[in-house]
Every structure is written in C-alpha cells, then in structure tokens.
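S.K.: Compact mmCIF, C-alpha atoms, saved as input.txt, coming up:
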# COMPACT_ATOMS: atom_id res chain seq x y z
CA MET A 1 0.00 0.00 0.00
CA ASP A 2 1.46 3.36 -1.03
CA THR A 3 1.43 6.05 1.64
CA ILE A 4 2.58 9.65 1.79
CA PHE A 5 5.89 8.18 3.01
CA THR A 6 6.44 5.94 -0.04
CA THR A 7 9.37 7.48 -1.90
CA GLU A 8 10.37 6.94 -5.52
CA ARG A 9 13.45 5.11 -4.28
CA VAL A 10 11.56 2.57 -2.19
CA ARG A 11 8.55 2.01 -4.47
CA PRO A 12 10.29 -0.35 -6.95
CA LEU A 13 12.03 -2.15 -4.10
CA LEU A 14 8.69 -2.76 -2.40
CA ALA A 15 7.37 -4.34 -5.59
CA GLN A 16 10.43 -6.59 -5.91
CA VAL A 17 10.36 -7.65 -2.28
CA ARG A 18 6.60 -8.30 -2.37
CA ASP A 19 6.98 -10.48 -5.46
CA PHE A 20 9.79 -12.48 -3.84
CA VAL A 21 7.83 -12.99 -0.63
CA GLU A 22 4.73 -14.13 -2.47
CA THR A 23 6.45 -16.46 -4.94
CA GLU A 24 9.39 -17.81 -2.92
CA LEU A 25 8.43 -17.66 0.76
CA ILE A 26 4.67 -17.94 1.22
CA PRO A 27 4.58 -21.37 -0.48
CA LEU A 28 6.97 -22.66 2.21
CA GLU A 29 4.19 -22.20 4.77
CA ASN A 30 2.19 -25.07 3.29
CA GLY A 31 2.56 -27.97 5.68
CA PHE A 32 5.35 -26.16 7.51
CA SER A 33 5.92 -27.08 11.12
CA HIS A 34 7.55 -24.04 12.70
CA THR A 35 8.69 -26.22 15.61
CA LYS A 36 11.21 -27.80 13.21
CA LEU A 37 12.55 -24.60 11.74
CA GLY A 38 16.06 -26.02 11.57
CA ASP A 39 14.99 -28.46 8.86
CA LEU A 40 14.38 -25.53 6.54
CA ILE A 41 17.66 -23.70 7.14
CA PRO A 42 19.44 -25.12 4.05
CA MET A 43 16.52 -24.07 1.84
CA LEU A 44 16.26 -20.67 3.48
CA ASP A 45 19.98 -20.10 3.01
CA GLN A 46 19.49 -20.84 -0.69
CA LYS A 47 16.77 -18.20 -0.70
CA ARG A 48 19.27 -15.82 0.87
CA GLN A 49 21.57 -16.35 -2.08
CA GLN A 50 18.66 -15.57 -4.42
CA VAL A 51 18.04 -12.34 -2.50
CA LYS A 52 21.70 -11.38 -2.89
CA ALA A 53 21.66 -12.23 -6.58
CA ALA A 54 18.60 -10.00 -7.02
CA GLY A 55 20.41 -7.09 -5.36
CA LEU A 56 17.98 -7.03 -2.44
CA TRP A 57 20.35 -7.96 0.37
CA GLY A 58 21.20 -5.33 2.95
CA LEU A 59 18.36 -2.96 2.15
CA HIS A 60 18.68 -1.45 5.61
CA LEU A 61 22.44 -0.94 5.29
CA ALA A 62 24.01 2.34 4.29
CA LYS A 63 26.62 2.36 1.51
CA GLU A 64 29.27 3.41 4.02
CA HIS A 65 28.77 0.14 5.90
CA GLY A 66 31.21 -1.35 3.41
CA LEU A 67 29.10 -4.39 2.51
CA ASP A 68 31.04 -6.59 0.08
CA ASP A 69 28.23 -8.60 -1.53
CA GLY A 70 25.27 -6.25 -1.46
CA PRO A 71 24.42 -2.81 -2.81
CA GLY A 72 23.80 -1.14 0.52
CA HIS A 73 20.75 0.83 -0.56
CA GLY A 74 20.97 3.09 2.47
CA LEU A 75 17.24 3.27 3.02
CA THR A 76 16.01 5.58 5.73
CA LEU A 77 14.28 4.08 8.76
CA CYS A 78 10.94 5.22 7.33
CA GLU A 79 11.68 3.61 3.95
CA PHE A 80 12.94 0.37 5.44
CA GLY A 81 9.92 0.23 7.75
CA GLN A 82 7.76 -0.22 4.65
CA ILE A 83 10.02 -3.05 3.47
CA SER A 84 9.78 -4.64 6.90
CA GLU A 85 5.99 -4.70 6.72
CA VAL A 86 6.11 -6.64 3.45
CA LEU A 87 8.67 -9.11 4.84
CA ALA A 88 6.43 -9.73 7.84
CA TYR A 89 3.80 -11.19 5.54
CA ALA A 90 6.02 -14.28 5.68
CA PRO A 91 6.24 -14.17 9.47
CA PHE A 92 8.71 -17.02 9.99
CA PHE A 93 10.97 -16.51 6.98
CA GLY A 94 10.87 -12.98 5.59
CA HIS A 95 13.30 -11.05 7.73
CA TYR A 96 15.76 -13.92 8.03
CA VAL A 97 15.93 -14.52 4.28
CA PHE A 98 16.59 -10.81 3.70
CA GLY A 99 19.21 -10.67 6.48
CA CYS A 100 17.41 -8.19 8.70
CA GLN A 101 15.94 -10.29 11.49
CA ALA A 102 16.11 -9.23 15.12
CA PRO A 103 18.39 -8.93 16.99
CA ASP A 104 20.95 -8.85 14.17
CA ILE A 105 19.54 -5.70 12.61
CA GLY A 106 19.79 -3.84 15.93
CA ASN A 107 23.27 -5.16 16.66
CA THR A 108 24.38 -4.15 13.17
CA GLU A 109 23.28 -0.57 13.79
CA LEU A 110 24.89 -0.59 17.25
CA LEU A 111 28.27 -1.84 16.02
CA HIS A 112 28.26 0.46 13.01
CA LYS A 113 27.79 3.51 15.21
CA PHE A 114 29.87 2.68 18.26
CA ALA A 115 32.27 -0.25 17.72
CA SER A 116 35.97 0.11 17.08
CA ASP A 117 37.42 -0.61 13.64
CA GLU A 118 38.80 -3.87 15.00
CA LEU A 119 35.39 -5.03 16.20
CA LYS A 120 33.77 -3.96 12.95
CA GLU A 121 36.21 -6.01 10.95
CA ARG A 122 35.89 -9.10 13.13
CA TYR A 123 32.16 -9.06 13.91
CA LEU A 124 30.23 -6.45 11.93
CA LYS A 125 31.32 -7.40 8.42
CA PRO A 126 30.43 -11.11 8.67
CA LEU A 127 27.20 -10.14 10.46
CA MET A 128 26.20 -7.82 7.62
CA ALA A 129 27.02 -10.51 5.09
CA GLY A 130 24.84 -13.05 6.87
CA ALA A 131 27.81 -15.35 7.50
CA ILE A 132 27.15 -15.32 11.24
CA ARG A 133 24.33 -14.45 13.64
CA SER A 134 24.38 -12.57 16.92
CA CYS A 135 22.30 -12.25 20.08
CA PHE A 136 21.54 -9.49 22.57
CA SER A 137 21.95 -10.35 26.26
CA MET A 138 20.44 -7.80 28.61
CA THR A 139 17.42 -9.04 30.59
CA GLU A 140 17.91 -10.97 33.85
CA PRO A 141 15.38 -13.25 35.57
CA GLU A 142 16.03 -11.77 39.02
CA PHE A 143 15.22 -8.18 38.04
CA ALA A 144 12.34 -6.42 36.32
CA GLY A 145 13.18 -5.95 32.66
CA SER A 146 11.33 -2.65 32.71
CA ASN A 147 14.16 -1.16 34.80
CA PRO A 148 17.43 -1.91 32.97
CA THR A 149 19.48 0.08 35.48
CA ARG A 150 19.14 -2.87 37.88
CA MET A 151 21.17 -5.94 36.98
CA ALA A 152 23.49 -8.38 38.71
CA THR A 153 25.80 -9.39 35.85
CA ARG A 154 29.26 -8.00 36.48
CA ALA A 155 32.23 -7.39 34.21
CA VAL A 156 35.32 -6.87 36.35
CA ARG A 157 38.44 -5.56 34.68
CA VAL A 158 41.52 -7.67 35.35
CA GLY A 159 44.50 -6.38 33.43
CA ASP A 160 43.56 -6.19 29.77
CA GLN A 161 40.52 -8.45 30.17
CA TYR A 162 36.97 -8.32 31.49
CA VAL A 163 35.86 -11.23 33.64
CA ILE A 164 32.10 -11.60 33.27
CA ASN A 165 29.77 -13.42 35.66
CA GLY A 166 25.98 -13.44 35.61
CA ARG A 167 22.80 -14.98 34.31
CA LYS A 168 20.62 -13.63 31.53
CA TRP A 169 17.41 -14.83 30.00
CA PHE A 170 15.36 -14.06 26.91
CA THR A 171 18.65 -13.66 25.11
CA SER A 172 16.98 -13.79 21.74
CA SER A 173 18.57 -15.91 19.00
CA ALA A 174 21.45 -17.14 21.16
CA ASP A 175 20.95 -20.65 19.77
CA GLY A 176 23.51 -20.80 16.96
CA ALA A 177 24.77 -17.23 17.39
CA ALA A 178 28.48 -16.48 16.97
CA PHE A 179 28.60 -13.73 19.57
CA ALA A 180 26.54 -11.98 22.21
CA VAL A 181 26.31 -8.29 22.97
CA VAL A 182 26.21 -8.42 26.77
CA MET A 183 25.12 -5.63 29.09
CA ALA A 184 27.01 -5.90 32.37
CA VAL A 185 27.87 -3.64 35.29
CA THR A 186 31.41 -2.32 35.02
CA ASN A 187 31.09 0.72 37.31
CA PRO A 188 28.97 -0.35 40.33
CA ASP A 189 29.60 2.88 42.25
CA ALA A 190 28.55 5.19 39.44
CA ALA A 191 25.12 6.76 38.99
CA PRO A 192 22.47 4.18 38.00
CA HIS A 193 22.46 5.13 34.31
CA GLN A 194 26.27 5.03 34.12
CA ARG A 195 27.02 1.68 35.75
CA ALA A 196 26.66 -0.71 32.85
CA SER A 197 28.59 -1.28 29.65
CA MET A 198 28.09 -3.33 26.49
CA ILE A 199 30.69 -5.94 25.67
CA ILE A 200 31.01 -8.49 22.89
CA VAL A 201 31.36 -12.08 24.11
CA PRO A 202 31.99 -14.77 21.47
CA THR A 203 29.74 -17.73 22.24
CA ASP A 204 32.70 -20.12 22.12
CA THR A 205 34.28 -18.30 25.08
CA PRO A 206 34.89 -20.70 28.01
CA GLY A 207 32.20 -20.05 30.62
CA PHE A 208 29.51 -19.02 28.15
CA ALA A 209 26.67 -21.56 28.34
CA ILE A 210 23.17 -21.75 26.92
CA GLU A 211 21.26 -23.43 29.72
CA ARG A 212 18.05 -23.83 27.72
CA ASN A 213 15.84 -22.39 25.05
CA ILE A 214 12.99 -20.98 27.11
CA PRO A 215 9.58 -22.47 26.21
CA VAL A 216 7.11 -19.76 25.21
CA PHE A 217 3.58 -21.12 25.58
CA GLY A 218 5.17 -24.56 25.51
CA GLU A 219 7.37 -24.01 22.45
CA ALA A 220 11.11 -23.67 22.97
CA GLY A 221 11.95 -22.92 19.34
CA GLU A 222 15.39 -23.08 17.82
CA GLY A 223 17.91 -21.00 15.92
CA TRP A 224 17.05 -17.34 15.50
CA PHE A 225 13.45 -18.13 16.45
CA SER A 226 14.19 -18.77 20.12
CA HIS A 227 14.93 -17.12 23.46
CA SER A 228 17.66 -18.57 25.65
CA GLU A 229 18.71 -18.56 29.25
CA VAL A 230 22.45 -17.94 29.29
CA THR A 231 25.03 -18.09 32.07
CA TYR A 232 28.38 -16.34 32.12
CA THR A 233 30.88 -18.00 34.44
CA ASP A 234 34.28 -16.33 34.57
CA CYS A 235 34.03 -15.46 30.89
CA ARG A 236 37.22 -13.67 29.93
CA VAL A 237 37.24 -11.36 26.93
CA PRO A 238 39.65 -8.58 25.89
CA VAL A 239 38.91 -5.08 27.09
CA SER A 240 38.96 -4.15 23.40
CA ASN A 241 35.61 -5.98 23.07
CA LEU A 242 33.97 -3.03 24.82
CA ILE A 243 31.46 -1.19 22.63
CA GLY A 244 31.73 2.56 23.02
CA GLY A 245 33.06 3.43 26.47
CA GLU A 246 32.65 2.16 30.01
CA GLY A 247 29.37 3.22 31.56
CA MET A 248 27.70 3.84 28.19
CA GLY A 249 25.52 0.71 28.32
CA PHE A 250 22.26 2.46 29.15
CA ARG A 251 22.81 5.14 26.52
CA LEU A 252 23.64 2.51 23.89
CA ALA A 253 20.54 0.55 24.87
CA GLN A 254 18.38 3.61 24.27
CA GLU A 255 20.09 4.30 20.94
CA ARG A 256 19.43 0.71 19.92
CA LEU A 257 15.91 0.32 21.27
CA GLY A 258 14.40 3.47 19.74
CA PRO A 259 14.75 2.40 16.09
CA GLY A 260 14.32 -1.21 17.26
CA ARG A 261 10.80 -0.44 18.43
CA VAL A 262 10.01 0.96 14.99
CA HIS A 263 11.27 -2.31 13.47
CA HIS A 264 9.03 -4.26 15.85
CA CYS A 265 5.99 -2.14 15.09
CA MET A 266 6.29 -2.29 11.31
CA ARG A 267 6.75 -6.04 11.53
CA TRP A 268 3.56 -6.22 13.59
CA VAL A 269 1.73 -4.16 10.96
CA GLY A 270 2.77 -6.75 8.37
CA ASN A 271 1.80 -9.60 10.68
CA ALA A 272 -1.59 -7.96 11.21
CA GLU A 273 -2.08 -7.71 7.43
CA LYS A 274 -1.34 -11.43 7.23
CA ALA A 275 -3.88 -12.19 9.95
CA LEU A 276 -6.53 -10.00 8.31
CA ASP A 277 -5.94 -11.66 4.95
CA LEU A 278 -6.47 -15.10 6.49
CA LEU A 279 -9.54 -13.81 8.36
CA CYS A 280 -11.11 -12.50 5.15
CA LYS A 281 -10.35 -15.65 3.16
CA ARG A 282 -11.99 -17.72 5.88
CA ALA A 283 -15.00 -15.41 6.11
CA ALA A 284 -15.51 -15.49 2.33
CA THR A 285 -15.29 -19.28 1.98
CA ARG A 286 -16.56 -20.82 5.22
CA GLU A 287 -20.18 -21.85 4.96
CA ILE A 288 -22.02 -21.30 8.24
CA GLU A 289 -25.49 -22.28 6.94
CA ASP A 290 -26.70 -23.69 3.65
CA GLY A 291 -25.62 -21.13 1.08
CA VAL A 292 -24.58 -18.58 3.75
CA MET A 293 -20.94 -17.64 4.25
CA LEU A 294 -19.46 -16.59 7.55
CA GLY A 295 -18.59 -13.17 6.11
CA GLU A 296 -22.29 -12.41 5.66
CA LYS A 297 -22.69 -12.19 9.41
CA GLN A 298 -22.61 -8.64 10.68
CA PHE A 299 -20.33 -9.29 13.62
CA ILE A 300 -17.70 -10.77 11.26
CA GLN A 301 -18.03 -7.67 9.11
CA ASP A 302 -17.36 -5.66 12.26
CA PHE A 303 -14.18 -7.71 12.82
CA ILE A 304 -13.03 -6.93 9.29
CA SER A 305 -13.78 -3.21 9.28
CA GLU A 306 -12.29 -2.61 12.75
CA SER A 307 -9.15 -4.51 11.74
CA ARG A 308 -8.76 -2.60 8.49
CA ALA A 309 -9.03 0.76 10.22
CA GLU A 310 -6.67 -0.22 13.05
CA ILE A 311 -3.98 -1.52 10.71
CA ASP A 312 -4.07 1.57 8.52
CA ALA A 313 -3.90 3.85 11.56
CA CYS A 314 -0.94 1.89 12.95
CA ARG A 315 0.94 2.07 9.67
CA LEU A 316 0.72 5.84 9.44
CA TYR A 317 1.51 6.31 13.14
CA VAL A 318 4.67 4.20 12.89
CA LEU A 319 5.88 5.61 9.58
CA ASN A 320 5.40 9.16 10.85
CA THR A 321 7.44 8.28 13.93
CA ALA A 322 10.15 6.73 11.76
CA TYR A 323 10.18 9.82 9.54
CA MET A 324 10.62 12.03 12.59
CA ILE A 325 13.50 9.86 13.85
CA ASP A 326 15.12 10.21 10.42
CA THR A 327 14.73 13.99 10.42
CA VAL A 328 15.13 15.18 14.02
CA GLY A 329 16.64 12.18 15.85
CA VAL A 330 15.26 9.61 18.25
CA ASN A 331 15.89 11.76 21.34
CA ASN A 332 13.30 14.24 20.10
CA VAL A 333 10.67 11.61 19.34
CA ARG A 334 10.62 9.52 22.50
CA ASP A 335 6.94 10.22 23.18
CA ALA A 336 5.96 8.91 19.77
CA VAL A 337 8.18 5.85 20.18
CA SER A 338 6.42 5.04 23.45
CA GLY A 339 3.05 5.61 21.79
CA ILE A 340 3.59 3.31 18.83
CA LYS A 341 5.02 0.57 21.00
CA PHE A 342 1.91 -0.02 23.09
CA TYR A 343 -0.66 1.10 20.51
CA VAL A 344 0.53 -1.10 17.66
CA ALA A 345 1.19 -4.12 19.88
CA ASN A 346 -2.38 -4.03 21.17
CA ALA A 347 -3.95 -3.38 17.78
CA PHE A 348 -2.02 -6.25 16.22
CA LEU A 349 -3.04 -8.66 18.96
CA ARG A 350 -6.69 -7.63 18.56
CA VAL A 351 -6.55 -8.33 14.82
CA LEU A 352 -4.80 -11.64 15.42
CA ASP A 353 -7.33 -12.65 18.05
CA ARG A 354 -10.20 -11.90 15.67
CA ALA A 355 -8.57 -14.00 12.95
CA ILE A 356 -8.19 -16.91 15.35
CA GLN A 357 -11.81 -16.54 16.43
CA VAL A 358 -13.10 -16.55 12.86
CA HIS A 359 -11.18 -19.77 12.19
CA GLY A 360 -12.85 -21.40 15.19
CA ALA A 361 -11.10 -24.52 16.49
CA LEU A 362 -8.84 -24.47 13.43
CA GLY A 363 -7.43 -21.15 14.61
CA VAL A 364 -5.85 -22.60 17.74
CA THR A 365 -4.21 -25.50 15.88
CA ASP A 366 -0.92 -25.45 14.03
CA ASP A 367 -2.73 -26.14 10.75
CA THR A 368 -2.55 -22.38 10.15
CA VAL A 369 0.18 -19.90 11.10
CA LEU A 370 -2.18 -18.01 13.41
CA SER A 371 -1.53 -19.96 16.60
CA ALA A 372 2.23 -19.81 16.09
CA MET A 373 2.01 -16.07 15.46
CA TYR A 374 0.09 -15.67 18.70
CA ARG A 375 2.62 -17.74 20.68
CA HIS A 376 5.51 -15.70 19.41
CA GLU A 377 3.86 -12.29 19.43
CA ARG A 378 1.76 -12.19 22.60
CA GLY A 379 5.02 -10.92 24.04
CA ALA A 380 4.60 -7.82 21.87
CA ARG A 381 3.13 -6.07 24.90
CA ILE A 382 6.22 -7.00 26.94
CA TRP A 383 9.31 -6.95 24.71
CA ASP A 384 11.37 -3.74 24.67
CA GLY A 385 9.37 -2.26 27.52
CA ALA A 386 6.04 -3.36 28.88
CA ASP A 387 2.94 -1.42 27.80
CA GLU A 388 2.49 -0.02 31.28
CA VAL A 389 5.97 1.55 31.29
CA HIS A 390 5.49 3.18 27.89
CA LYS A 391 2.07 4.50 28.85
CA GLN A 392 3.43 5.90 32.10
CA ASN A 393 6.36 7.60 30.34
CA LEU A 394 4.10 9.12 27.72
CA ALA A 395 1.61 10.41 30.30
CA ILE A 396 4.38 11.89 32.46
CA SER A 397 5.82 13.69 29.44
CA ILE A 398 2.43 15.09 28.48
CA LEU A 399 1.65 16.25 32.02
CA LYS A 400 4.99 18.04 32.20
CA THR A 401 3.80 20.36 29.43
CA TYR A 402 0.89 21.28 31.74
CA GLY A 403 3.21 22.19 34.61
CA LEU A 404 3.10 18.90 36.54
CA ASP A 405 6.67 17.55 36.64
CA ILE A 406 6.16 14.18 38.30
CA LYS A 407 9.79 13.12 38.02
CA GLN A 408 10.99 16.36 39.62
CA LYS A 409 8.50 15.93 42.46
CA ALA A 410 9.79 12.38 42.97
CA ARG A 411 13.38 13.65 43.13
CA GLU A 412 12.42 16.31 45.65
CA LEU A 413 10.62 13.73 47.78
CA GLN A 414 13.66 11.45 47.69
CA GLN A 415 15.94 14.31 48.72
CA PHE A 416 13.56 15.17 51.57
CA ARG A 417 13.56 11.59 52.80
CA GLN A 418 17.36 11.46 52.67
CA MET A 419 17.58 14.70 54.61
CA MET A 420 15.16 13.43 57.27
CA ALA A 421 17.09 10.16 57.56
CA ALA A 422 20.33 12.09 58.02
CA GLU A 423 18.76 14.24 60.73
CA ARG A 424 17.49 11.14 62.57
CA ILE A 425 20.98 9.62 62.47
CA GLN A 426 22.46 12.87 63.76
CA ALA A 427 19.89 13.00 66.58
CA ASP A 428 20.70 9.44 67.60
CA VAL A 429 24.38 10.30 67.77
Show me the file's structure as structure tokens.

M.R.:
Amino acid sequence: MDTIFTTERVRPLLAQVRDFVETELIPLENGFSHTKLGDLIPMLDQKRQQVKAAGLWGLHLAKEHGLDDGPGHGLTLCEFGQISEVLAYAPFFGHYVFGCQAPDIGNTELLHKFASDELKERYLKPLMAGAIRSCFSMTEPEFAGSNPTRMATRAVRVGDQYVINGRKWFTSSADGAAFAVVMAVTNPDAAPHQRASMIIVPTDTPGFAIERNIPVFGEAGEGWFSHSEVTYTDCRVPVSNLIGGEGMGFRLAQERLGPGRVHHCMRWVGNAEKALDLLCKRAATREIEDGVMLGEKQFIQDFISESRAEIDACRLYVLNTAYMIDTVGVNNVRDAVSGIKFYVANAFLRVLDRAIQVHGALGVTDDTVLSAMYRHERGARIWDGADEVHKQNLAISILKTYGLDIKQKARELQQFRQMMAAERIQADV
C-alpha cells in the first residue's frame, strides 16, 4: 500500500520484495511445522543467495557500511519500515531470508555507530554478510526488565581483560549465534544510568553456556526463532571488546531500542495484514449455513472493518514516527516511540485474536500460522518495555507540558527523605 511516506526510491524495491515474498516464501508455509525450523535452514539459506543475486540484500544498510556482496541501498528508517511490513507477511521466513531479522539488525546498527574498527572487521562485516548471527543479552530473571538500570551481571576488569559473571534470559537468537552483545555492570559505584557497559562475548568463550531455550507457551523454538537462558561463568574477553566506552551501556541501549521499536511495530503491521488476509479468506469461503458464508454475518463484518481501520492507523503512526526519527533524531521523538510501541502491539493482537476466532477450532491449531504467530507475538506487549511503562512515560511527558513535573517531584521527595534520615541519624548520635 502506497502512503505519503512511499518514496520513488523505495517504491520499486517494495514491488520486488513483495513479489519475492509471495512467490518464494509464502509457499513454504504449506505444511510447515515451525517447531522444526532447523529443517528448513538449508533451503532458506538458498533463498538468501537468491536475494543477494537479485540485489535485495542489505536494504537497511548504508553504503558506508562497506558491505562486500550487497548494494547497501541506504534506506532511511521510514523507507525500510515499509520493506519490513512486506517481509512480515512471511512471518517465519521474511526477515531472516533478507538478512534483517532481530536482533541482528539492531546489533548491526549498534556496532556500526559505536564499535571500534577492530570489532567492525571481526564481527560487523560477517554479520552484515549473513555469514554469522548474533544475540543481545540484557534481561535478567532476578530483576524487572522494565528497569534496565538494575542488573546483577558484572564485568570486572583484570589487566587487559573483562571477567564476566551473571545470568541472563530471553537472550533472543542465542541458539547458533556467533557472539553476544552483553550488558554488564562495570562501574557499580557510578550513577544508575552510568554503571553498565556493552561488551562483545563470542559464544565459544569458556564459561559461556546456553542453559536452555525458554519455552514460550510450551514451544522452545530453535535458531534465531528462540529465546535462551544464558550463564556467564568467569568469561574472559579482551577489554577491546567493549562497545563505546565504560558506563555507556544504558545510553547505547536507548540508541538501539528506539529504532528497534520501529522495526518491531512495522513487523507487527505486516503480521496484522497477514492475519486480516487469512480472516477475510476464511470469512468469504466458510459456509455457516446452507448457502450462507461466515462473512455475511454482521459481527464478522465488524471484525473486518475494525481490523482494516486499526492496521491503517498503525501504519501511518509508525511511519510518521520513523520519519521524525530520520529527520530530528530519536531523542526528540521519545513520546511517539512510546506511543507506537503499546498502541501497535495491542492493535495487532486484537486483529490476530479476531482471525483466530473466525477460524474457530482451526485457529488454535498449528494447521494455520495463526496460533504460532500468537505464541511468538503475545510478548509484543512485553518486549522492549512493557505497555504499562510506555504508557506511564508518555503520560508523564504530556503532564509536564501542563506544569506537573512528576519526576521532579519524585526527586524532591527522595531528597527530603534522605535529609530526614540524616537528621534522625544525627539525633541518635
């Protein structure tokens, strides 16, 4: 679907990508068991070669990335968001076949902006070429993921090495990854937002262990379609594996997660289109009475019209946010990023739920992709910040423009409590 954001540069690419998805990837869904994704890897890697031969590899990469076997189209975030939507119509294959699946796409951007030349040569180039995969290791089971300033994993500097100890979970795509980008505390006495750093840990480092692929609604998954629990036990890596500088972990996370949320949201828009397409096909062909199709029922028509409007609204909301990030920077668009994250996640899940409902019992089986989509994407309201956190942040920002600075009041209250505690200690002395 063309929008006001569809540029002349991206329009022909959208047509090419859509044709590839429809002719090469959608047919793979017939009889596909997503629980055995590994069986398809050789075929999918052949598809990757076809993508490269067609000049469609690395659409999200800028020319200055130095990609050897791809054109590096240098699409803007807004332009690539439209590509991402089309890829999401093949929910289990699209992004992987085009080399832009999470978390690799986010790690690519992170390393391009902040890694040393040595790290770029060793890790970024093969990552861009699709020769290796990566994972992102931040969340810990003992602490709320919504507050990334609290974590137990430590990276202690010993000579010219970091010694890393800790436990992470929901380290996405660790299964088969060549390296992890690990967030660990390097400066425990610093201010909360300056304690952690990001460090590359090759997965063959002694002490790195994948304890399990975490079952999500009973499915553990494999390869890039999985989330792992990982332990780091005296993992030793060179200090030169540090990304950026010490204490920059939180800042790097924000740099990475802003555009990353746009990637998530545009993928969900494409997933929602897929769900609506399946819903409509079912409604148009499923006979509910003699000669009467399910789509003739008014409440099904309500499902369809509500879904259509919600998807179109989401698309424009996300693309406008991406356009603003491209033009004024993510730091100036944080409210919109929070807004799209919870709004699109909820709209997508509503559309998906309607599609499952229209399919009846079939919808909860693995005979369609709907149940697998739900298993993997119910976490949409949790990943990269729970809905409640994004809603709170957006409301606080809005109220500040009306003169109510909730964060400042909280700081003043904390200072008052500290002062009172100090006075009580002094009185006791």

S.K.: What is the distance, in Å and to one decimal place, between atom CA of A:Gly38 and atom CA of A:His359?

M.R.: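 Atom CA of A:His359 lies at a distance of 28.0 Å from atom CA of A:Gly38.
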
S.K.: Have a look at atom CA of A:Thr139 and atom CA of A:Met183 and let me know their distance in Å, one decimal.

M.R.: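 According to the coordinates, atom CA of A:Thr139 and atom CA of A:Met183 are separated by 8.6 Å.
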
S.K.: Measuring atom to atom with only C-alpha atoms, identify which of A:Asp366, A:Glu287, A:Asp19, A:Glu296 is nearest to A:Val86.

M.R.: A:Asp19

S.K.: Between A:Ala272, A:Val216, A:Ala322, A:Ile396, single out the one closest to A:Ala88, counting only C-alpha atoms.

M.R.: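 Looking at the shortest contact to A:Ala88, the residue is A:Ala272.
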
S.K.: Residues around (23.8, 2.1, 35.7), cut-off 10 Å, counting only C-alpha atoms - what are they as a list in words?

M.R.: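 I get Pro148, Thr149, Arg150, Met151, Ala184, Val185, Thr186, Asn187, Pro188, Asp189, Ala190, Ala191, Pro192, His193, Gln194, Arg195, Ala196, Ser197, Gly247, Met248, Gly249, Phe250 and Arg251 of chain A for the residues within 10 Å of that point.
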
S.K.: Would you work out the distance separating atom CA of A:Ala313 from atom CA of A:Ile300, expressed in Å to one decimal?

M.R.: 20.1 Å

S.K.: So which residues are close to (11.2, -7.7, -0.8), meaning at most 9 Å away in the file's coordinates with only C-alpha atoms counted, and can you show them as a PyMOL selection string?

M.R.: chain A and resi 13-21+51+56+83-84+86-87+94+98

S.K.: Can you list, as an MDAnalysis selection string, every protein, DNA or RNA residue that comes within 10 Å of A:Arg315 when you count only C-alpha atoms, leaving out same-chain residues fewer than 4 positions away?

M.R.: chainID A and resid 1 3 81:82 85 265:266 268:270 310:311 319:321 340 344

S.K.: Hey, can you spit out that residue selection with C-alpha atoms as an mmCIF file, keeping the file's coordinate frame?

M.R.:
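Output saved as out_12.cif:
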data_model
loop_
_atom_site.group_PDB
_atom_site.id
_atom_site.type_symbol
_atom_site.label_atom_id
_atom_site.label_comp_id
_atom_site.auth_asym_id
_atom_site.auth_seq_id
_atom_site.Cartn_x
_atom_site.Cartn_y
_atom_site.Cartn_z
ATOM 1 C CA MET A 1 0.000 0.000 0.000
ATOM 2 C CA THR A 3 1.430 6.050 1.640
ATOM 3 C CA GLY A 81 9.920 0.230 7.750
ATOM 4 C CA GLN A 82 7.760 -0.220 4.650
ATOM 5 C CA GLU A 85 5.990 -4.700 6.720
ATOM 6 C CA CYS A 265 5.990 -2.140 15.090
ATOM 7 C CA MET A 266 6.290 -2.290 11.310
ATOM 8 C CA TRP A 268 3.560 -6.220 13.590
ATOM 9 C CA VAL A 269 1.730 -4.160 10.960
ATOM 10 C CA GLY A 270 2.770 -6.750 8.370
ATOM 11 C CA GLU A 310 -6.670 -0.220 13.050
ATOM 12 C CA ILE A 311 -3.980 -1.520 10.710
ATOM 13 C CA LEU A 319 5.880 5.610 9.580
ATOM 14 C CA ASN A 320 5.400 9.160 10.850
ATOM 15 C CA THR A 321 7.440 8.280 13.930
ATOM 16 C CA ILE A 340 3.590 3.310 18.830
ATOM 17 C CA VAL A 344 0.530 -1.100 17.660
#

S.K.: Just want the 10 Å neighbourhood of stretch 131-137 of chain A, counted on all atoms listed in the file, with same-chain residues fewer than 5 positions away dropped. Output as an MDAnalysis selection string.

M.R.: chainID A and resid 99 101:108 123:126 167:184 198:203 223:224 227:230

S.K.: Give the answer as one residue: which of A:Ser116, A:Ser240, A:Asn165, A:Gln414 has the shortest atom-to-atom distance to A:Phe208, using all atoms listed in the file?

M.R.: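 Among A:Ser116, A:Ser240, A:Asn165, A:Gln414, it is A:Asn165 that comes nearest to A:Phe208.
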
S.K.: Report as a PyMOL selection string all protein, DNA and RNA residues lying within 7 Å of A:Ile164, evaluated on all atoms listed in the file, omitting residues in the same chain fewer than 6 positions from it.

M.R.: chain A and resi 154-156+232-236

S.K.: Looking at A:Ala90, A:Ala380, A:Ile4, A:Ala152, which one is nearest to A:Tyr343, with distances taken over all atoms listed in the file?

M.R.: A:Ala380

S.K.: Within 10 Å of A:Ile325, counting only C-alpha atoms, which residues qualify if same-chain residues fewer than 2 places away don't, as a PDB file with C-alpha atoms, keeping the file's coordinate frame?

M.R.:
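Generated output (out-v3.pdb):
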ATOM      1  CA  THR A  76      16.010   5.580   5.730  1.00  0.00           C
ATOM      2  CA  LEU A  77      14.280   4.080   8.760  1.00  0.00           C
ATOM      3  CA  CYS A  78      10.940   5.220   7.330  1.00  0.00           C
ATOM      4  CA  GLY A 258      14.400   3.470  19.740  1.00  0.00           C
ATOM      5  CA  PRO A 259      14.750   2.400  16.090  1.00  0.00           C
ATOM      6  CA  VAL A 262      10.010   0.960  14.990  1.00  0.00           C
ATOM      7  CA  LEU A 319       5.880   5.610   9.580  1.00  0.00           C
ATOM      8  CA  ASN A 320       5.400   9.160  10.850  1.00  0.00           C
ATOM      9  CA  THR A 321       7.440   8.280  13.930  1.00  0.00           C
ATOM     10  CA  ALA A 322      10.150   6.730  11.760  1.00  0.00           C
ATOM     11  CA  TYR A 323      10.180   9.820   9.540  1.00  0.00           C
ATOM     12  CA  THR A 327      14.730  13.990  10.420  1.00  0.00           C
ATOM     13  CA  VAL A 328      15.130  15.180  14.020  1.00  0.00           C
ATOM     14  CA  GLY A 329      16.640  12.180  15.850  1.00  0.00           C
ATOM     15  CA  VAL A 330      15.260   9.610  18.250  1.00  0.00           C
ATOM     16  CA  ASN A 331      15.890  11.760  21.340  1.00  0.00           C
ATOM     17  CA  ASN A 332      13.300  14.240  20.100  1.00  0.00           C
ATOM     18  CA  VAL A 333      10.670  11.610  19.340  1.00  0.00           C
ATOM     19  CA  ARG A 334      10.620   9.520  22.500  1.00  0.00           C
ATOM     20  CA  ALA A 336       5.960   8.910  19.770  1.00  0.00           C
ATOM     21  CA  VAL A 337       8.180   5.850  20.180  1.00  0.00           C
TER      22      VAL A 337
END

S.K.: For a quick check of understanding, using only C-alpha atoms, which of A:Glu79, A:Glu222, A:Glu289, A:Phe114 has the smallest distance to A:Leu40?

M.R.: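 Smallest separation from A:Leu40 among the options: A:Glu222.
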
S.K.: Pick from A:Ala62, A:Val10, A:Ala253, A:Ala347: nearest to A:Asp384, with all atoms listed in the file counted?

M.R.: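 Looking only at the distances to A:Asp384, the closest residue turns out to be A:Ala253.
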